[in-house]
Amino acid sequence: MSLQNLEPIAFYMAFVGYFLAMIFYVLLLPLKNNRLGQLARYTAILGLVGNTIAILLRMGIAGRPPLANGYEFVLVFAWGIIAVYLWVESRYKAPVIGAFILPLAFFLLAFVVLFMSNNERVLTNIQPALRSNWLTFHVLTAMIGYGALAISFGVGVLYLIKQRWLDKGTHTNLSTRTPDLGRLDLIGYKMIMLGFPMLTLCIITGAIWANIAWGSYWSWDPKETWSLITWMIYAVYLHVRLMHGWKGKRTAWVAVIGFLAVLFTFFGVNYFVISLHSYA
């Protein structure tokens with residue numbers, strides 16, 4: 001069987017793995033079951049293995065890092081989310097957070113299945129001018145950075161939900177099983193402390209790559225502009241937290257808004273705005 005035939009199998013292995021993991025993690029919210037938590041983690045790992053194989057196969061077929069079209073970027077984006085999440089789960093022992101993270105990776109792959117044509121998923125030969133080792137660094141920083149920022153988004157959403165429960169005086173099994181607000185705030189902060197430097201390096205390596213390809217580090221292309229806007233949102237998060245002591249609800253909202261900007265930078269610019277980076 002050729003590599004081209006194996007790649008779709010690996011993709012759907014990731015798709016099914018993330019779907020099952022999403023279901024199991026969501027069931028962990030109302031149910032306290034250690035076996036269910038283990039099953040959720042194992043299926044997430046299964047999906048990550050499929051995701052990894054799909055990326056490696058695409059790299060083997062193309063002879064380059066996978067970032068030439070929307071399909072390849074989705075593979076990288078989803079991989080980063082799950083890889084960083086599994087590390088967070090093992091470190092902080094809070095698997096219920098997965099109910100707010102796994103849907104992000106699953107819906108990225110679902111976007112491929114539901115909205116991308118076969119033509120958008122076929123191998124794309126990038127222009128000779130775009131072939132550079134800086135593409136590799138650009139992809140690696142994007143994988144880690146976007147993955148960490150996605151975790152900060154999921155944790156931020158959970159923080160806002162739990163804060164609302166506490167404000168209303170709601171005390172259910174679900175509200176007591178989620179991590180306390182201080183722990184959620186700390187996890188979100190640490191994820192942005194990881195994601196922000198990676199996002200910075202992603203922009204820098206992209207600028208160097210652009211200079212090699214197009215003769216200019218920065219051209220105010222819509223993708224570049226929105227990447228800068230996204231960077232500034234997270235810079236504001238760190239500034240107000242470190243310099244003005246902001247924590248909790250206000251910084252959770254900034255984390256949520258920041259990741260919405262990340263999504264627009266990808267989906268909005270790449271598919272609905274005329275840009276050098278457009279995929280559609």
# chains A, B, ... in the order shown; residues from 1 in each chain; ligands from 1

$ residues_around --residues "A:Trp231" --least-positions-apart "5" --cutoff "8 Å" --atoms "only C-alpha atoms" --output "list of chain:residue names"
A:Phe196, A:Leu199, A:Thr200

$ residues_around --residues "A:Tyr18" --least-positions-apart "5" --cutoff "9 Å" --atoms "only C-alpha atoms" --output "number ranges by chain"
A: 13, 23, 43-48, 82, 102-103, 105-106, 109

$ write_last_selection --atoms "C-alpha atoms" --output "JSON list (two decimals), in the first residue's frame"
[["chain", "number", "residue", "atom", "x", "y", "z"],
["A", 13, "MET", "CA", -7.69, 7.18, 12.97],
["A", 23, "ILE", "CA", -17.26, 11.91, 24.27],
["A", 43, "THR", "CA", -8.36, 7.30, 23.03],
["A", 44, "ALA", "CA", -6.84, 10.80, 22.96],
["A", 45, "ILE", "CA", -3.40, 9.17, 22.69],
["A", 46, "LEU", "CA", -4.74, 6.90, 19.93],
["A", 47, "GLY", "CA", -5.94, 9.96, 18.05],
["A", 48, "LEU", "CA", -2.59, 11.69, 18.57],
["A", 82, "ILE", "CA", -3.66, 17.34, 21.97],
["A", 102, "LEU", "CA", -10.87, 17.78, 22.92],
["A", 103, "PRO", "CA", -13.77, 19.44, 21.07],
["A", 105, "ALA", "CA", -9.14, 19.29, 18.04],
["A", 106, "PHE", "CA", -12.12, 17.22, 16.92],
["A", 109, "LEU", "CA", -10.62, 17.62, 11.83]]

$ residues_around --residues "A:Leu194" --least-positions-apart "4" --cutoff "7 Å" --atoms "only C-alpha atoms" --output "number ranges by chain"
A: 145, 148, 190, 198

$ write_last_selection --atoms "N, CA and C atoms" --output "tab-separated table (two decimals), in the first residue's frame"
chain	number	residue	atom	x	y	z
A	145	GLY	N	2.97	26.61	20.06
A	145	GLY	CA	2.34	27.85	20.48
A	145	GLY	C	0.83	27.81	20.40
A	148	ALA	N	-0.67	25.43	23.06
A	148	ALA	CA	-0.72	26.00	24.41
A	148	ALA	C	-1.80	27.07	24.52
A	190	LYS	N	0.12	29.75	32.84
A	190	LYS	CA	1.31	29.01	32.42
A	190	LYS	C	1.24	28.62	30.94
A	198	MET	N	6.32	31.11	21.91
A	198	MET	CA	6.24	30.32	20.68
A	198	MET	C	5.55	31.10	19.57

$ closest_residue --among "A:Ala21, A:Ala78, A:Ile187, A:Leu135" --to "A:Gln38" --atoms "only C-alpha atoms"
A:Ala21

$ atom_distance --atom1 "atom CA of A:Pro197" --atom2 "atom CA of A:Leu238"
11.3 Å

$ closest_residue --among "A:Ser227, A:Trp134, A:Met243, A:Leu67" --to "A:Leu263" --atoms "only C-alpha atoms"
A:Ser227

$ closest_residue --among "A:Leu149, A:Ala99, A:Val74, A:Ala54" --to "A:Val112" --atoms "only C-alpha atoms"
A:Val74

$ atom_distance --atom1 "atom CA of A:Tyr12" --atom2 "atom CA of A:Arg121"
13.4 Å

$ select_by_dssp --residues "stretch 62-224 of chain A" --states "helix (DSSP H, G or I)" --output "JSON, numbers by chain"
{"A": [62, 70, 71, 72, 73, 74, 75, 76, 77, 78, 79, 80, 81, 82, 83, 84, 85, 86, 87, 88, 89, 90, 91, 92, 95, 96, 97, 98, 99, 100, 102, 103, 104, 105, 106, 107, 108, 109, 110, 111, 112, 113, 114, 115, 118, 119, 120, 121, 128, 129, 130, 134, 135, 136, 137, 138, 139, 140, 141, 142, 143, 144, 145, 146, 147, 148, 149, 150, 151, 152, 153, 154, 155, 156, 157, 158, 159, 160, 161, 162, 163, 164, 165, 166, 167, 168, 173, 174, 175, 176, 177, 181, 182, 183, 184, 185, 186, 187, 188, 189, 190, 191, 192, 193, 194, 195, 196, 197, 198, 199, 200, 201, 202, 203, 204, 205, 206, 207, 208, 209, 210, 211, 212, 213, 214, 222, 223, 224]}

$ residues_around --residues "A:Phe24" --least-positions-apart "2" --cutoff "8 Å" --atoms "only C-alpha atoms" --output "ChimeraX atom specification"
/A:20-22,26-28,36-37,39-40

$ closest_residue --among "A:Gly215, A:Pro8, A:Gly248, A:Pro222" --to "A:Leu181" --atoms "only C-alpha atoms"
A:Gly248

$ closest_residue --among "A:Trp246, A:Tyr237, A:Phe137, A:Trp253" --to "A:Val157" --atoms "only C-alpha atoms"
A:Trp253

$ closest_residue --among "A:Tyr25, A:Phe11, A:Tyr85, A:Phe264" --to "A:Asn51" --atoms "only C-alpha atoms"
A:Phe11

$ atom_distance --atom1 "atom CA of A:Ala68" --atom2 "atom CA of A:Ser219"
19.5 Å

$ residues_around --residues "A:Ala150" --least-positions-apart "4" --cutoff "10 Å" --atoms "only C-alpha atoms" --output "VMD selection string"
chain A and resid 77 to 78 80 to 82 84 to 85 100 to 101 104 to 105 144 to 146 154 to 156 188 191 to 192 195 255 to 256 258 to 260 262 to 263

$ write_last_selection --atoms "N, CA, C and O atoms" --output "CSV table (one decimal), in the first residue's frame"
chain,number,residue,atom,x,y,z
A,77,PHE,N,-2.2,22.0,13.7
A,77,PHE,CA,-3.0,22.7,14.8
A,77,PHE,C,-3.5,21.7,15.8
A,77,PHE,O,-3.4,21.8,17.0
A,78,ALA,N,-4.2,20.6,15.2
A,78,ALA,CA,-4.9,19.6,16.1
A,78,ALA,C,-3.8,18.9,16.9
A,78,ALA,O,-4.0,18.6,18.1
A,80,GLY,N,-0.9,19.9,17.9
A,80,GLY,CA,-0.4,20.8,19.0
A,80,GLY,C,-1.3,20.8,20.2
A,80,GLY,O,-0.9,20.8,21.3
A,81,ILE,N,-2.6,20.9,19.9
A,81,ILE,CA,-3.6,21.0,21.0
A,81,ILE,C,-3.6,19.8,21.8
A,81,ILE,O,-3.5,19.8,23.1
A,82,ILE,N,-3.6,18.6,21.2
A,82,ILE,CA,-3.7,17.3,22.0
A,82,ILE,C,-2.3,17.0,22.7
A,82,ILE,O,-2.3,16.6,23.8
A,84,VAL,N,0.0,19.1,23.8
A,84,VAL,CA,0.1,20.0,24.9
A,84,VAL,C,-0.9,19.6,26.0
A,84,VAL,O,-0.6,19.6,27.2
A,85,TYR,N,-2.1,19.3,25.6
A,85,TYR,CA,-3.2,19.0,26.6
A,85,TYR,C,-2.8,17.7,27.4
A,85,TYR,O,-2.9,17.7,28.6
A,100,PHE,N,-13.2,20.5,27.6
A,100,PHE,CA,-13.2,21.8,27.0
A,100,PHE,C,-12.1,21.9,26.0
A,100,PHE,O,-12.0,23.0,25.3
A,101,ILE,N,-11.2,20.9,25.9
A,101,ILE,CA,-10.1,20.9,24.9
A,101,ILE,C,-10.3,20.0,23.7
A,101,ILE,O,-10.0,20.4,22.6
A,104,LEU,N,-12.1,21.1,20.5
A,104,LEU,CA,-11.3,22.0,19.6
A,104,LEU,C,-10.6,21.2,18.6
A,104,LEU,O,-10.7,21.5,17.4
A,105,ALA,N,-9.9,20.1,19.0
A,105,ALA,CA,-9.1,19.3,18.0
A,105,ALA,C,-10.1,18.5,17.1
A,105,ALA,O,-9.9,18.4,15.9
A,144,ILE,N,3.5,24.1,18.8
A,144,ILE,CA,3.5,24.2,20.3
A,144,ILE,C,2.7,25.5,20.7
A,144,ILE,O,2.0,25.4,21.7
A,145,GLY,N,3.0,26.6,20.1
A,145,GLY,CA,2.3,27.8,20.5
A,145,GLY,C,0.8,27.8,20.4
A,145,GLY,O,0.1,28.1,21.4
A,146,TYR,N,0.3,27.4,19.3
A,146,TYR,CA,-1.2,27.4,19.1
A,146,TYR,C,-1.8,26.3,20.0
A,146,TYR,O,-2.9,26.5,20.5
A,154,GLY,N,-9.5,26.9,26.6
A,154,GLY,CA,-10.4,26.0,27.2
A,154,GLY,C,-10.5,26.2,28.7
A,154,GLY,O,-11.6,26.1,29.3
A,155,VAL,N,-9.3,26.4,29.3
A,155,VAL,CA,-9.3,26.7,30.8
A,155,VAL,C,-10.0,28.0,31.1
A,155,VAL,O,-10.7,28.1,32.1
A,156,GLY,N,-9.8,29.0,30.2
A,156,GLY,CA,-10.5,30.3,30.4
A,156,GLY,C,-12.0,30.1,30.4
A,156,GLY,O,-12.7,30.7,31.2
A,188,GLY,N,-4.0,28.4,33.1
A,188,GLY,CA,-4.2,29.3,31.9
A,188,GLY,C,-3.0,30.3,31.8
A,188,GLY,O,-2.5,30.5,30.7
A,191,MET,N,0.0,28.4,30.5
A,191,MET,CA,-0.1,28.0,29.0
A,191,MET,C,0.2,29.2,28.2
A,191,MET,O,0.8,29.1,27.1
A,192,ILE,N,-0.2,30.4,28.6
A,192,ILE,CA,0.1,31.6,27.8
A,192,ILE,C,1.6,31.9,28.0
A,192,ILE,O,2.2,32.4,27.0
A,195,GLY,N,2.8,29.6,25.4
A,195,GLY,CA,2.4,29.9,24.0
A,195,GLY,C,2.8,31.2,23.5
A,195,GLY,O,3.1,31.3,22.3
A,255,ALA,N,-7.8,35.8,27.6
A,255,ALA,CA,-7.4,34.5,27.0
A,255,ALA,C,-8.3,34.0,26.0
A,255,ALA,O,-8.0,33.5,25.0
A,256,VAL,N,-9.6,34.1,26.3
A,256,VAL,CA,-10.7,33.7,25.4
A,256,VAL,C,-10.6,34.5,24.1
A,256,VAL,O,-10.7,34.0,23.0
A,258,GLY,N,-8.2,36.3,23.0
A,258,GLY,CA,-6.9,36.0,22.2
A,258,GLY,C,-7.0,34.8,21.3
A,258,GLY,O,-6.6,34.8,20.2
A,259,PHE,N,-7.6,33.7,21.8
A,259,PHE,CA,-7.7,32.5,21.0
A,259,PHE,C,-8.7,32.7,19.9
A,259,PHE,O,-8.6,32.1,18.8
A,260,LEU,N,-9.8,33.5,20.1
A,260,LEU,CA,-10.7,33.8,19.0
A,260,LEU,C,-10.0,34.5,17.9
A,260,LEU,O,-10.2,34.3,16.7
A,262,VAL,N,-6.8,34.0,17.3
A,262,VAL,CA,-6.0,33.0,16.6
A,262,VAL,C,-6.9,32.3,15.6
A,262,VAL,O,-6.4,32.1,14.4
A,263,LEU,N,-8.1,31.9,15.9
A,263,LEU,CA,-9.0,31.2,15.0
A,263,LEU,C,-9.3,32.1,13.8
A,263,LEU,O,-9.3,31.6,12.6

$ decode --residues "stretch 46-91 of chain A" --atoms "N, CA and C atoms" --output "PDB file, in the first residue's frame"
ATOM      1  N   LEU A  46      -4.520   7.592  21.203  1.00  0.00           N
ATOM      2  CA  LEU A  46      -4.738   6.902  19.928  1.00  0.00           C
ATOM      3  C   LEU A  46      -4.927   7.910  18.798  1.00  0.00           C
ATOM      4  N   GLY A  47      -5.741   8.929  19.051  1.00  0.00           N
ATOM      5  CA  GLY A  47      -5.944   9.964  18.046  1.00  0.00           C
ATOM      6  C   GLY A  47      -4.658  10.703  17.736  1.00  0.00           C
ATOM      7  N   LEU A  48      -3.860  10.983  18.779  1.00  0.00           N
ATOM      8  CA  LEU A  48      -2.593  11.688  18.573  1.00  0.00           C
ATOM      9  C   LEU A  48      -1.627  10.841  17.746  1.00  0.00           C
ATOM     10  N   VAL A  49      -1.625   9.544  17.980  1.00  0.00           N
ATOM     11  CA  VAL A  49      -0.775   8.649  17.179  1.00  0.00           C
ATOM     12  C   VAL A  49      -1.180   8.715  15.704  1.00  0.00           C
ATOM     13  N   GLY A  50      -2.499   8.646  15.444  1.00  0.00           N
ATOM     14  CA  GLY A  50      -2.977   8.765  14.065  1.00  0.00           C
ATOM     15  C   GLY A  50      -2.621  10.106  13.463  1.00  0.00           C
ATOM     16  N   ASN A  51      -2.777  11.155  14.251  1.00  0.00           N
ATOM     17  CA  ASN A  51      -2.444  12.519  13.815  1.00  0.00           C
ATOM     18  C   ASN A  51      -0.958  12.614  13.451  1.00  0.00           C
ATOM     19  N   THR A  52      -0.117  12.038  14.317  1.00  0.00           N
ATOM     20  CA  THR A  52       1.334  12.059  14.090  1.00  0.00           C
ATOM     21  C   THR A  52       1.701  11.308  12.817  1.00  0.00           C
ATOM     22  N   ILE A  53       1.091  10.136  12.647  1.00  0.00           N
ATOM     23  CA  ILE A  53       1.378   9.336  11.445  1.00  0.00           C
ATOM     24  C   ILE A  53       0.951  10.092  10.195  1.00  0.00           C
ATOM     25  N   ALA A  54      -0.212  10.749  10.249  1.00  0.00           N
ATOM     26  CA  ALA A  54      -0.693  11.510   9.095  1.00  0.00           C
ATOM     27  C   ALA A  54       0.286  12.628   8.742  1.00  0.00           C
ATOM     28  N   ILE A  55       0.818  13.318   9.756  1.00  0.00           N
ATOM     29  CA  ILE A  55       1.784  14.389   9.516  1.00  0.00           C
ATOM     30  C   ILE A  55       3.075  13.829   8.919  1.00  0.00           C
ATOM     31  N   LEU A  56       3.569  12.728   9.504  1.00  0.00           N
ATOM     32  CA  LEU A  56       4.817  12.136   9.012  1.00  0.00           C
ATOM     33  C   LEU A  56       4.660  11.609   7.592  1.00  0.00           C
ATOM     34  N   LEU A  57       3.510  11.018   7.294  1.00  0.00           N
ATOM     35  CA  LEU A  57       3.280  10.528   5.934  1.00  0.00           C
ATOM     36  C   LEU A  57       3.241  11.683   4.943  1.00  0.00           C
ATOM     37  N   ARG A  58       2.563  12.763   5.315  1.00  0.00           N
ATOM     38  CA  ARG A  58       2.510  13.925   4.428  1.00  0.00           C
ATOM     39  C   ARG A  58       3.917  14.500   4.210  1.00  0.00           C
ATOM     40  N   MET A  59       4.710  14.526   5.268  1.00  0.00           N
ATOM     41  CA  MET A  59       6.083  15.016   5.133  1.00  0.00           C
ATOM     42  C   MET A  59       6.910  14.095   4.243  1.00  0.00           C
ATOM     43  N   GLY A  60       6.709  12.778   4.401  1.00  0.00           N
ATOM     44  CA  GLY A  60       7.447  11.827   3.579  1.00  0.00           C
ATOM     45  C   GLY A  60       7.078  11.926   2.109  1.00  0.00           C
ATOM     46  N   ILE A  61       5.796  12.134   1.843  1.00  0.00           N
ATOM     47  CA  ILE A  61       5.339  12.248   0.463  1.00  0.00           C
ATOM     48  C   ILE A  61       5.801  13.561  -0.158  1.00  0.00           C
ATOM     49  N   ALA A  62       5.679  14.638   0.607  1.00  0.00           N
ATOM     50  CA  ALA A  62       5.971  15.971   0.070  1.00  0.00           C
ATOM     51  C   ALA A  62       7.451  16.328   0.127  1.00  0.00           C
ATOM     52  N   GLY A  63       8.184  15.718   1.063  1.00  0.00           N
ATOM     53  CA  GLY A  63       9.581  16.062   1.225  1.00  0.00           C
ATOM     54  C   GLY A  63       9.787  17.430   1.860  1.00  0.00           C
ATOM     55  N   ARG A  64       8.833  17.858   2.685  1.00  0.00           N
ATOM     56  CA  ARG A  64       8.892  19.172   3.334  1.00  0.00           C
ATOM     57  C   ARG A  64       7.970  19.160   4.547  1.00  0.00           C
ATOM     58  N   PRO A  65       8.114  20.132   5.443  1.00  0.00           N
ATOM     59  CA  PRO A  65       7.170  20.250   6.568  1.00  0.00           C
ATOM     60  C   PRO A  65       5.757  20.542   6.058  1.00  0.00           C
ATOM     61  N   PRO A  66       4.738  20.117   6.812  1.00  0.00           N
ATOM     62  CA  PRO A  66       3.345  20.253   6.341  1.00  0.00           C
ATOM     63  C   PRO A  66       2.725  21.600   6.690  1.00  0.00           C
ATOM     64  N   LEU A  67       2.892  22.577   5.825  1.00  0.00           N
ATOM     65  CA  LEU A  67       2.249  23.869   6.064  1.00  0.00           C
ATOM     66  C   LEU A  67       2.004  24.603   4.752  1.00  0.00           C
ATOM     67  N   ALA A  68       1.647  23.845   3.709  1.00  0.00           N
ATOM     68  CA  ALA A  68       1.459  24.462   2.393  1.00  0.00           C
ATOM     69  C   ALA A  68      -0.007  24.715   2.067  1.00  0.00           C
ATOM     70  N   ASN A  69      -0.930  24.101   2.811  1.00  0.00           N
ATOM     71  CA  ASN A  69      -2.351  24.343   2.557  1.00  0.00           C
ATOM     72  C   ASN A  69      -3.142  24.190   3.854  1.00  0.00           C
ATOM     73  N   GLY A  70      -4.435  24.448   3.768  1.00  0.00           N
ATOM     74  CA  GLY A  70      -5.271  24.431   4.961  1.00  0.00           C
ATOM     75  C   GLY A  70      -5.337  23.075   5.634  1.00  0.00           C
ATOM     76  N   TYR A  71      -5.385  22.008   4.847  1.00  0.00           N
ATOM     77  CA  TYR A  71      -5.449  20.655   5.403  1.00  0.00           C
ATOM     78  C   TYR A  71      -4.223  20.367   6.261  1.00  0.00           C
ATOM     79  N   GLU A  72      -3.061  20.711   5.749  1.00  0.00           N
ATOM     80  CA  GLU A  72      -1.836  20.442   6.484  1.00  0.00           C
ATOM     81  C   GLU A  72      -1.764  21.272   7.768  1.00  0.00           C
ATOM     82  N   PHE A  73      -2.219  22.514   7.694  1.00  0.00           N
ATOM     83  CA  PHE A  73      -2.189  23.341   8.895  1.00  0.00           C
ATOM     84  C   PHE A  73      -3.148  22.802   9.950  1.00  0.00           C
ATOM     85  N   VAL A  74      -4.299  22.281   9.535  1.00  0.00           N
ATOM     86  CA  VAL A  74      -5.240  21.693  10.489  1.00  0.00           C
ATOM     87  C   VAL A  74      -4.598  20.501  11.196  1.00  0.00           C
ATOM     88  N   LEU A  75      -3.878  19.672  10.446  1.00  0.00           N
ATOM     89  CA  LEU A  75      -3.186  18.534  11.060  1.00  0.00           C
ATOM     90  C   LEU A  75      -2.217  19.011  12.138  1.00  0.00           C
ATOM     91  N   VAL A  76      -1.458  20.049  11.820  1.00  0.00           N
ATOM     92  CA  VAL A  76      -0.475  20.586  12.762  1.00  0.00           C
ATOM     93  C   VAL A  76      -1.164  21.226  13.969  1.00  0.00           C
ATOM     94  N   PHE A  77      -2.220  21.986  13.716  1.00  0.00           N
ATOM     95  CA  PHE A  77      -2.963  22.678  14.766  1.00  0.00           C
ATOM     96  C   PHE A  77      -3.549  21.671  15.755  1.00  0.00           C
ATOM     97  N   ALA A  78      -4.228  20.645  15.238  1.00  0.00           N
ATOM     98  CA  ALA A  78      -4.852  19.642  16.104  1.00  0.00           C
ATOM     99  C   ALA A  78      -3.798  18.880  16.898  1.00  0.00           C
ATOM    100  N   TRP A  79      -2.678  18.551  16.249  1.00  0.00           N
ATOM    101  CA  TRP A  79      -1.609  17.828  16.939  1.00  0.00           C
ATOM    102  C   TRP A  79      -1.096  18.640  18.123  1.00  0.00           C
ATOM    103  N   GLY A  80      -0.868  19.928  17.904  1.00  0.00           N
ATOM    104  CA  GLY A  80      -0.359  20.776  18.975  1.00  0.00           C
ATOM    105  C   GLY A  80      -1.310  20.839  20.159  1.00  0.00           C
ATOM    106  N   ILE A  81      -2.611  20.936  19.884  1.00  0.00           N
ATOM    107  CA  ILE A  81      -3.605  21.013  20.959  1.00  0.00           C
ATOM    108  C   ILE A  81      -3.564  19.765  21.835  1.00  0.00           C
ATOM    109  N   ILE A  82      -3.588  18.588  21.192  1.00  0.00           N
ATOM    110  CA  ILE A  82      -3.661  17.339  21.966  1.00  0.00           C
ATOM    111  C   ILE A  82      -2.336  17.033  22.650  1.00  0.00           C
ATOM    112  N   ALA A  83      -1.225  17.275  21.973  1.00  0.00           N
ATOM    113  CA  ALA A  83       0.077  16.998  22.586  1.00  0.00           C
ATOM    114  C   ALA A  83       0.272  17.841  23.846  1.00  0.00           C
ATOM    115  N   VAL A  84      -0.037  19.124  23.758  1.00  0.00           N
ATOM    116  CA  VAL A  84       0.123  19.994  24.928  1.00  0.00           C
ATOM    117  C   VAL A  84      -0.898  19.615  26.000  1.00  0.00           C
ATOM    118  N   TYR A  85      -2.135  19.302  25.597  1.00  0.00           N
ATOM    119  CA  TYR A  85      -3.151  18.955  26.583  1.00  0.00           C
ATOM    120  C   TYR A  85      -2.763  17.715  27.381  1.00  0.00           C
ATOM    121  N   LEU A  86      -2.276  16.672  26.697  1.00  0.00           N
ATOM    122  CA  LEU A  86      -1.918  15.441  27.401  1.00  0.00           C
ATOM    123  C   LEU A  86      -0.804  15.697  28.416  1.00  0.00           C
ATOM    124  N   TRP A  87       0.102  16.605  28.073  1.00  0.00           N
ATOM    125  CA  TRP A  87       1.138  16.987  29.043  1.00  0.00           C
ATOM    126  C   TRP A  87       0.508  17.711  30.231  1.00  0.00           C
ATOM    127  N   VAL A  88      -0.429  18.622  29.969  1.00  0.00           N
ATOM    128  CA  VAL A  88      -1.101  19.358  31.041  1.00  0.00           C
ATOM    129  C   VAL A  88      -1.870  18.390  31.945  1.00  0.00           C
ATOM    130  N   GLU A  89      -2.558  17.438  31.342  1.00  0.00           N
ATOM    131  CA  GLU A  89      -3.335  16.481  32.148  1.00  0.00           C
ATOM    132  C   GLU A  89      -2.425  15.663  33.055  1.00  0.00           C
ATOM    133  N   SER A  90      -1.295  15.211  32.524  1.00  0.00           N
ATOM    134  CA  SER A  90      -0.385  14.405  33.336  1.00  0.00           C
ATOM    135  C   SER A  90       0.248  15.238  34.450  1.00  0.00           C
ATOM    136  N   ARG A  91       0.430  16.529  34.212  1.00  0.00           N
ATOM    137  CA  ARG A  91       1.074  17.394  35.204  1.00  0.00           C
ATOM    138  C   ARG A  91       0.103  17.868  36.280  1.00  0.00           C
TER     139      ARG A  91
END
